[in-house]
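Before any comments, here is the structure.
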Amino acid sequence: MHRIDCPWCGVRDEIEFAYRGDATVKRPEAGAGVDAFYAYVYERGNPRGWHIEWWHHAAGCRQWIKVLRHTLTHEIRATAKAGDTVTAPKP
Amino acid sequence: MPVSAPEPRSPLVQALKPGRHGAVGARQVTLRAYRRSLVQLQARKGRAADLATAVRQGLGLALPPPGRAETSPTLAAIWIQPSAWLLCAPYLAEGDLARSVRAAVGSAGAVVDQTHGKSVLRLSGPTARAVLETGCRIDLHPRAFAPGQAAATPVGHIDCILRQLDNAPSYELIVASTLAEAFVDWLLHAAAAYGCEVLPPD
Ligand SMILES: [Zn+2]
């Protein structure tokens, strides 16, 4: 069970949140072509280490937030509002 | 022929029978359904400051920051998400609160009537916190949660807007009307060990 520090609500149990995937993928420019959009929609890394993720506080303030989580230890080191920048430590 | 909207009839009129439930003794809690007008108020993009001013001047209330509720003698405002609040007032007539809030905020905010959509309950008494703790995952201990604080969080697996009213302690519980019957069913079971006096609806 994770305890996630929502920037709006404070520390809440994981059960209030829904995982929403990699928060670092960027939408390509409109003319970037099919391959770039295929990669944007479907291709994801599966890193062993720090991962910046979207979590949706579905049962609380209903905001999407960023969470810096270690995929091996499950340590959560930082959380931030959707528009804020989160930087992963060097592996 | 004009057709008027039906009066909000809480599903709790059937589900929540006044009287004593569970154990008998001094540690019992009281539970009561409240007839309230509810609206959700959301600031239009870039208009949060205008909305705060309009609510202060038109409704006599300061919109509270995250995690808090603000009250006047006739109105409560509960923070529910960024730039959005749930406003709660005694029910007088269909659409009454939505009309007065719309008139007060003008174009600064979006107003959605939630009077039929949500049901309002109060749980009160020395063991009220112990009852809620069996199904609530936030810390309700006085060092962490006090009158004036509010949270949107599941209680008994049902999404709830929870607000502490006083140090009795009393808690206001606002849930979707469609789930109010299931919520009360859970609450009466959770309170059975202490006993629960259900009061007639307000
Ligand atoms: Zn939140």
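Letters A, B, ... go to the chains of the structure tokens in the order shown; residues in each chain start at 1; ligands are counted from 1 in the same order.
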
Please, which residues have at least one atom within 10 Å of an atom of ligand 1, using only C-alpha atoms and all ligand atoms, listed as a VMD selection string? (chain A and resid 4 to 12 16 to 17 55 to 65 81) or (chain B and resid 66 to 67 80 to 82 151 to 153)

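If you count only C-alpha atoms and ignore residues fewer than 5 places along the chain from segment 37-45 of chain A, what sits within 8 Å of it is Asp22, Val25, Lys26, Arg27, Pro28 and Ala32 of chain A.
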
Open item on the list: I'd like the contact shell of Leu63 of chain B - 7 Å cut-off, only C-alpha atoms, skipping same-chain residues fewer than 4 positions apart - returned as a ChimeraX atom specification.
Closed with: /B:52,70,77

Output N, CA and C atoms of each residue in that selection to a file, as a CSV table (one decimal), in the first residue's frame.
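Below is the file that was written, selection.csv:
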chain,number,residue,atom,x,y,z
B,52,ALA,N,-14.1,35.0,-5.7
B,52,ALA,CA,-13.9,35.1,-4.2
B,52,ALA,C,-14.5,36.4,-3.8
B,70,GLU,N,-15.9,26.9,5.3
B,70,GLU,CA,-16.2,28.2,5.9
B,70,GLU,C,-17.7,28.3,6.1
B,77,ALA,N,-19.6,26.7,2.9
B,77,ALA,CA,-18.8,26.5,1.7
B,77,ALA,C,-17.7,25.5,2.0

- prompt: Mind checking DSSP for segment 101-137 of chain B and telling me the helix (DSSP H, G or I) residues as a PyMOL selection string?
  reply: chain B and resi 101-108+128-133

File of the preceding selection, N, CA, C and O atoms, as a short mmCIF file (atom, residue, chain, number, x, y, z; two decimals), in the first residue's frame:
data_model
loop_
_atom_site.label_atom_id
_atom_site.label_comp_id
_atom_site.auth_asym_id
_atom_site.auth_seq_id
_atom_site.Cartn_x
_atom_site.Cartn_y
_atom_site.Cartn_z
N VAL B 101 -26.99 32.00 -5.77
CA VAL B 101 -25.54 31.95 -6.03
C VAL B 101 -25.25 32.47 -7.44
O VAL B 101 -24.33 33.25 -7.65
N ARG B 102 -26.10 32.07 -8.41
CA ARG B 102 -25.91 32.58 -9.78
C ARG B 102 -25.99 34.10 -9.81
O ARG B 102 -25.19 34.77 -10.46
N ALA B 103 -26.96 34.64 -9.09
CA ALA B 103 -27.12 36.10 -9.07
C ALA B 103 -25.91 36.77 -8.44
O ALA B 103 -25.49 37.84 -8.86
N ALA B 104 -25.32 36.12 -7.44
CA ALA B 104 -24.18 36.72 -6.73
C ALA B 104 -22.89 36.65 -7.55
O ALA B 104 -22.09 37.57 -7.51
N VAL B 105 -22.67 35.56 -8.26
CA VAL B 105 -21.35 35.36 -8.90
C VAL B 105 -21.33 35.78 -10.36
O VAL B 105 -20.25 35.96 -10.93
N GLY B 106 -22.50 35.92 -11.01
CA GLY B 106 -22.51 36.34 -12.41
C GLY B 106 -21.67 35.44 -13.29
O GLY B 106 -21.78 34.21 -13.22
N SER B 107 -20.78 36.05 -14.09
CA SER B 107 -19.99 35.28 -15.05
C SER B 107 -18.70 34.75 -14.44
O SER B 107 -17.92 34.09 -15.12
N ALA B 108 -18.45 34.99 -13.14
CA ALA B 108 -17.18 34.57 -12.54
C ALA B 108 -17.14 33.08 -12.20
O ALA B 108 -16.08 32.50 -12.02
N ALA B 128 -18.44 9.06 17.81
CA ALA B 128 -18.63 9.26 16.36
C ALA B 128 -17.33 9.04 15.59
O ALA B 128 -17.32 8.46 14.50
N ARG B 129 -16.21 9.49 16.18
CA ARG B 129 -14.92 9.31 15.50
C ARG B 129 -14.57 7.82 15.41
O ARG B 129 -14.11 7.35 14.37
N ALA B 130 -14.82 7.09 16.50
CA ALA B 130 -14.53 5.65 16.50
C ALA B 130 -15.37 4.92 15.45
O ALA B 130 -14.88 4.00 14.78
N VAL B 131 -16.62 5.36 15.26
CA VAL B 131 -17.48 4.74 14.25
C VAL B 131 -16.91 5.00 12.86
O VAL B 131 -16.75 4.08 12.05
N LEU B 132 -16.57 6.26 12.58
CA LEU B 132 -16.06 6.59 11.24
C LEU B 132 -14.73 5.92 10.96
O LEU B 132 -14.44 5.54 9.83
N GLU B 133 -13.92 5.76 12.00
CA GLU B 133 -12.59 5.18 11.80
C GLU B 133 -12.64 3.74 11.29
O GLU B 133 -11.66 3.25 10.73
#

Near-Thr178 of chain B list (10 Å; only C-alpha atoms; drop same-chain fewer than 5 positions) as a PyMOL selection string
chain B and resi 10-11+116-119+183

I need the residues from that last selection saved to file as a PDB file, in the first residue's frame (with N, CA, C and O atoms), if you can.
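Saved as again29.pdb:
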ATOM      1  N   SER B  10     -35.357  12.617  -0.321  1.00  0.00           N
ATOM      2  CA  SER B  10     -34.173  11.830  -0.024  1.00  0.00           C
ATOM      3  C   SER B  10     -34.519  10.355   0.012  1.00  0.00           C
ATOM      4  O   SER B  10     -35.559   9.957   0.545  1.00  0.00           O
ATOM      5  N   PRO B  11     -33.642   9.488  -0.565  1.00  0.00           N
ATOM      6  CA  PRO B  11     -33.859   8.046  -0.446  1.00  0.00           C
ATOM      7  C   PRO B  11     -33.811   7.601   1.014  1.00  0.00           C
ATOM      8  O   PRO B  11     -34.234   6.503   1.345  1.00  0.00           O
ATOM      9  N   HIS B 116     -30.593  17.442  -5.585  1.00  0.00           N
ATOM     10  CA  HIS B 116     -31.129  16.087  -5.712  1.00  0.00           C
ATOM     11  C   HIS B 116     -30.008  15.052  -5.740  1.00  0.00           C
ATOM     12  O   HIS B 116     -30.238  13.882  -5.457  1.00  0.00           O
ATOM     13  N   GLY B 117     -28.822  15.487  -6.121  1.00  0.00           N
ATOM     14  CA  GLY B 117     -27.731  14.547  -6.380  1.00  0.00           C
ATOM     15  C   GLY B 117     -27.028  14.059  -5.137  1.00  0.00           C
ATOM     16  O   GLY B 117     -26.428  12.983  -5.150  1.00  0.00           O
ATOM     17  N   LYS B 118     -27.071  14.846  -4.088  1.00  0.00           N
ATOM     18  CA  LYS B 118     -26.317  14.474  -2.893  1.00  0.00           C
ATOM     19  C   LYS B 118     -27.223  14.523  -1.672  1.00  0.00           C
ATOM     20  O   LYS B 118     -28.153  15.318  -1.599  1.00  0.00           O
ATOM     21  N   SER B 119     -26.906  13.670  -0.698  1.00  0.00           N
ATOM     22  CA  SER B 119     -27.661  13.609   0.547  1.00  0.00           C
ATOM     23  C   SER B 119     -26.745  13.981   1.707  1.00  0.00           C
ATOM     24  O   SER B 119     -25.560  13.656   1.706  1.00  0.00           O
ATOM     25  N   PHE B 183     -24.917   3.632   2.068  1.00  0.00           N
ATOM     26  CA  PHE B 183     -24.031   4.290   3.024  1.00  0.00           C
ATOM     27  C   PHE B 183     -24.596   4.201   4.440  1.00  0.00           C
ATOM     28  O   PHE B 183     -23.902   3.876   5.400  1.00  0.00           O
TER      29      PHE B 183
END

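Rounded to one decimal, atom CA of Asp202 of chain B and atom CA of Arg122 of chain B lie 10.3 Å from each other.
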
Next item on the list: Show which residues sit within 10 Å of Ser170 of chain B, as an MDAnalysis selection string. Count only C-alpha atoms, and ignore same-chain residues fewer than 6 positions away.
Entry: chainID B and resid 29:31 122:129 147 163:164

message: Just want the 7 Å neighbourhood of Gln40 of chain B, counted on only C-alpha atoms, with same-chain residues fewer than 3 positions away dropped. Output as a PyMOL selection string.
response: chain B and resi 85-87+111-114

One decimal place gives the atom CA of Leu173 of chain B-atom CA of Val155 of chain B separation as 9.0 Å

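With atom CA of Glu94 of chain B on one side and atom CA of Glu181 of chain B on the other, the separation reads 22.6 Å.
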
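With only C-alpha atoms taken into account, the protein and nucleic acid residues at most 8 Å from Ala191 of chain B (excluding it and anything under 4 positions from it in its own chain) are B:Gly22, B:Gln28, B:Val29, B:Val131, B:Leu187, B:Gly195, B:Cys196.
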
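For segment 5-68 of chain A, backbone-based DSSP assignment of strand (DSSP E or B) covers Asp5, Cys6, Gly10, Val11, Arg12, Asp13, Ala18, Tyr19, Arg20, Gly21, Asp22, Trp50, His51, Ile52, Glu53, Trp54, Trp55, His56, Trp64, Ile65, Lys66, Val67 and Leu68 of chain A.
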
Include N, CA, C and O atoms and write out the residues we just selected as a PDB file, in the first residue's frame.
ATOM      1  N   ASP A   5       1.257  11.680  -1.212  1.00  0.00           N
ATOM      2  CA  ASP A   5       1.045  13.034  -0.699  1.00  0.00           C
ATOM      3  C   ASP A   5       0.459  13.903  -1.815  1.00  0.00           C
ATOM      4  O   ASP A   5       1.200  14.511  -2.594  1.00  0.00           O
ATOM      5  N   CYS A   6      -0.853  13.962  -1.903  1.00  0.00           N
ATOM      6  CA  CYS A   6      -1.516  14.793  -2.913  1.00  0.00           C
ATOM      7  C   CYS A   6      -1.201  16.258  -2.626  1.00  0.00           C
ATOM      8  O   CYS A   6      -1.379  16.707  -1.495  1.00  0.00           O
ATOM      9  N   GLY A  10      -3.130  16.445   0.772  1.00  0.00           N
ATOM     10  CA  GLY A  10      -2.275  15.862   1.787  1.00  0.00           C
ATOM     11  C   GLY A  10      -2.143  14.359   1.587  1.00  0.00           C
ATOM     12  O   GLY A  10      -2.562  13.813   0.566  1.00  0.00           O
ATOM     13  N   VAL A  11      -1.574  13.679   2.594  1.00  0.00           N
ATOM     14  CA  VAL A  11      -1.252  12.258   2.448  1.00  0.00           C
ATOM     15  C   VAL A  11      -2.531  11.421   2.473  1.00  0.00           C
ATOM     16  O   VAL A  11      -3.336  11.532   3.394  1.00  0.00           O
ATOM     17  N   ARG A  12      -2.697  10.605   1.431  1.00  0.00           N
ATOM     18  CA  ARG A  12      -3.869   9.724   1.327  1.00  0.00           C
ATOM     19  C   ARG A  12      -3.411   8.325   0.903  1.00  0.00           C
ATOM     20  O   ARG A  12      -2.349   8.159   0.320  1.00  0.00           O
ATOM     21  N   ASP A  13      -4.272   7.353   1.177  1.00  0.00           N
ATOM     22  CA  ASP A  13      -3.974   5.983   0.784  1.00  0.00           C
ATOM     23  C   ASP A  13      -4.081   5.812  -0.727  1.00  0.00           C
ATOM     24  O   ASP A  13      -4.905   6.455  -1.381  1.00  0.00           O
ATOM     25  N   ALA A  18      -5.947   6.463  -8.979  1.00  0.00           N
ATOM     26  CA  ALA A  18      -5.839   5.558 -10.125  1.00  0.00           C
ATOM     27  C   ALA A  18      -4.535   5.880 -10.849  1.00  0.00           C
ATOM     28  O   ALA A  18      -4.238   7.046 -11.112  1.00  0.00           O
ATOM     29  N   TYR A  19      -3.741   4.844 -11.155  1.00  0.00           N
ATOM     30  CA  TYR A  19      -2.475   5.020 -11.883  1.00  0.00           C
ATOM     31  C   TYR A  19      -2.774   5.375 -13.332  1.00  0.00           C
ATOM     32  O   TYR A  19      -3.611   4.734 -13.965  1.00  0.00           O
ATOM     33  N   ARG A  20      -2.106   6.403 -13.842  1.00  0.00           N
ATOM     34  CA  ARG A  20      -2.411   6.857 -15.199  1.00  0.00           C
ATOM     35  C   ARG A  20      -1.190   6.908 -16.114  1.00  0.00           C
ATOM     36  O   ARG A  20      -1.196   7.614 -17.112  1.00  0.00           O
ATOM     37  N   GLY A  21      -0.126   6.179 -15.748  1.00  0.00           N
ATOM     38  CA  GLY A  21       0.963   5.981 -16.695  1.00  0.00           C
ATOM     39  C   GLY A  21       2.080   7.006 -16.635  1.00  0.00           C
ATOM     40  O   GLY A  21       2.127   7.871 -15.765  1.00  0.00           O
ATOM     41  N   ASP A  22       2.983   6.876 -17.605  1.00  0.00           N
ATOM     42  CA  ASP A  22       4.211   7.668 -17.699  1.00  0.00           C
ATOM     43  C   ASP A  22       3.881   9.152 -17.906  1.00  0.00           C
ATOM     44  O   ASP A  22       3.179   9.508 -18.858  1.00  0.00           O
ATOM     45  N   TRP A  50      13.785   5.017 -11.050  1.00  0.00           N
ATOM     46  CA  TRP A  50      12.861   6.138 -10.855  1.00  0.00           C
ATOM     47  C   TRP A  50      11.957   6.334 -12.049  1.00  0.00           C
ATOM     48  O   TRP A  50      12.389   6.216 -13.188  1.00  0.00           O
ATOM     49  N   HIS A  51      10.707   6.633 -11.770  1.00  0.00           N
ATOM     50  CA  HIS A  51       9.696   6.757 -12.813  1.00  0.00           C
ATOM     51  C   HIS A  51       8.789   7.926 -12.432  1.00  0.00           C
ATOM     52  O   HIS A  51       8.291   7.984 -11.302  1.00  0.00           O
ATOM     53  N   ILE A  52       8.583   8.854 -13.363  1.00  0.00           N
ATOM     54  CA  ILE A  52       7.669   9.974 -13.113  1.00  0.00           C
ATOM     55  C   ILE A  52       6.315   9.589 -13.700  1.00  0.00           C
ATOM     56  O   ILE A  52       6.213   9.306 -14.893  1.00  0.00           O
ATOM     57  N   GLU A  53       5.310   9.573 -12.861  1.00  0.00           N
ATOM     58  CA  GLU A  53       4.024   8.968 -13.224  1.00  0.00           C
ATOM     59  C   GLU A  53       2.862   9.920 -13.001  1.00  0.00           C
ATOM     60  O   GLU A  53       2.898  10.773 -12.127  1.00  0.00           O
ATOM     61  N   TRP A  54       1.810   9.693 -13.782  1.00  0.00           N
ATOM     62  CA  TRP A  54       0.524  10.345 -13.498  1.00  0.00           C
ATOM     63  C   TRP A  54      -0.267   9.475 -12.530  1.00  0.00           C
ATOM     64  O   TRP A  54      -0.382   8.269 -12.723  1.00  0.00           O
ATOM     65  N   TRP A  55      -0.800  10.094 -11.486  1.00  0.00           N
ATOM     66  CA  TRP A  55      -1.787   9.424 -10.639  1.00  0.00           C
ATOM     67  C   TRP A  55      -2.994  10.355 -10.551  1.00  0.00           C
ATOM     68  O   TRP A  55      -2.846  11.575 -10.390  1.00  0.00           O
ATOM     69  N   HIS A  56      -4.187   9.769 -10.684  1.00  0.00           N
ATOM     70  CA  HIS A  56      -5.432  10.543 -10.648  1.00  0.00           C
ATOM     71  C   HIS A  56      -6.066  10.373  -9.269  1.00  0.00           C
ATOM     72  O   HIS A  56      -6.371   9.240  -8.864  1.00  0.00           O
ATOM     73  N   TRP A  64      -5.269  15.257 -11.532  1.00  0.00           N
ATOM     74  CA  TRP A  64      -4.128  14.436 -11.924  1.00  0.00           C
ATOM     75  C   TRP A  64      -2.892  15.060 -11.292  1.00  0.00           C
ATOM     76  O   TRP A  64      -2.694  16.280 -11.394  1.00  0.00           O
ATOM     77  N   ILE A  65      -2.056  14.238 -10.678  1.00  0.00           N
ATOM     78  CA  ILE A  65      -0.823  14.740 -10.073  1.00  0.00           C
ATOM     79  C   ILE A  65       0.364  13.925 -10.582  1.00  0.00           C
ATOM     80  O   ILE A  65       0.193  12.825 -11.110  1.00  0.00           O
ATOM     81  N   LYS A  66       1.559  14.491 -10.431  1.00  0.00           N
ATOM     82  CA  LYS A  66       2.777  13.764 -10.794  1.00  0.00           C
ATOM     83  C   LYS A  66       3.374  13.127  -9.548  1.00  0.00           C
ATOM     84  O   LYS A  66       3.396  13.750  -8.475  1.00  0.00           O
ATOM     85  N   VAL A  67       3.844  11.899  -9.716  1.00  0.00           N
ATOM     86  CA  VAL A  67       4.445  11.156  -8.602  1.00  0.00           C
ATOM     87  C   VAL A  67       5.780  10.598  -9.063  1.00  0.00           C
ATOM     88  O   VAL A  67       5.858   9.956 -10.114  1.00  0.00           O
ATOM     89  N   LEU A  68       6.849  10.855  -8.293  1.00  0.00           N
ATOM     90  CA  LEU A  68       8.161  10.267  -8.574  1.00  0.00           C
ATOM     91  C   LEU A  68       8.291   9.007  -7.715  1.00  0.00           C
ATOM     92  O   LEU A  68       8.401   9.088  -6.495  1.00  0.00           O
TER      93      LEU A  68
END

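Counting only C-alpha atoms, the residue from B:Val55, B:Ile161, B:Ala69, B:Leu92 that sits nearest to chain A is B:Ile161.
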
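The smallest atom-to-atom distance between chain A and any of B:Asp139, B:Asp50, B:Asp96, B:Asp166, using only C-alpha atoms, is found for B:Asp139.
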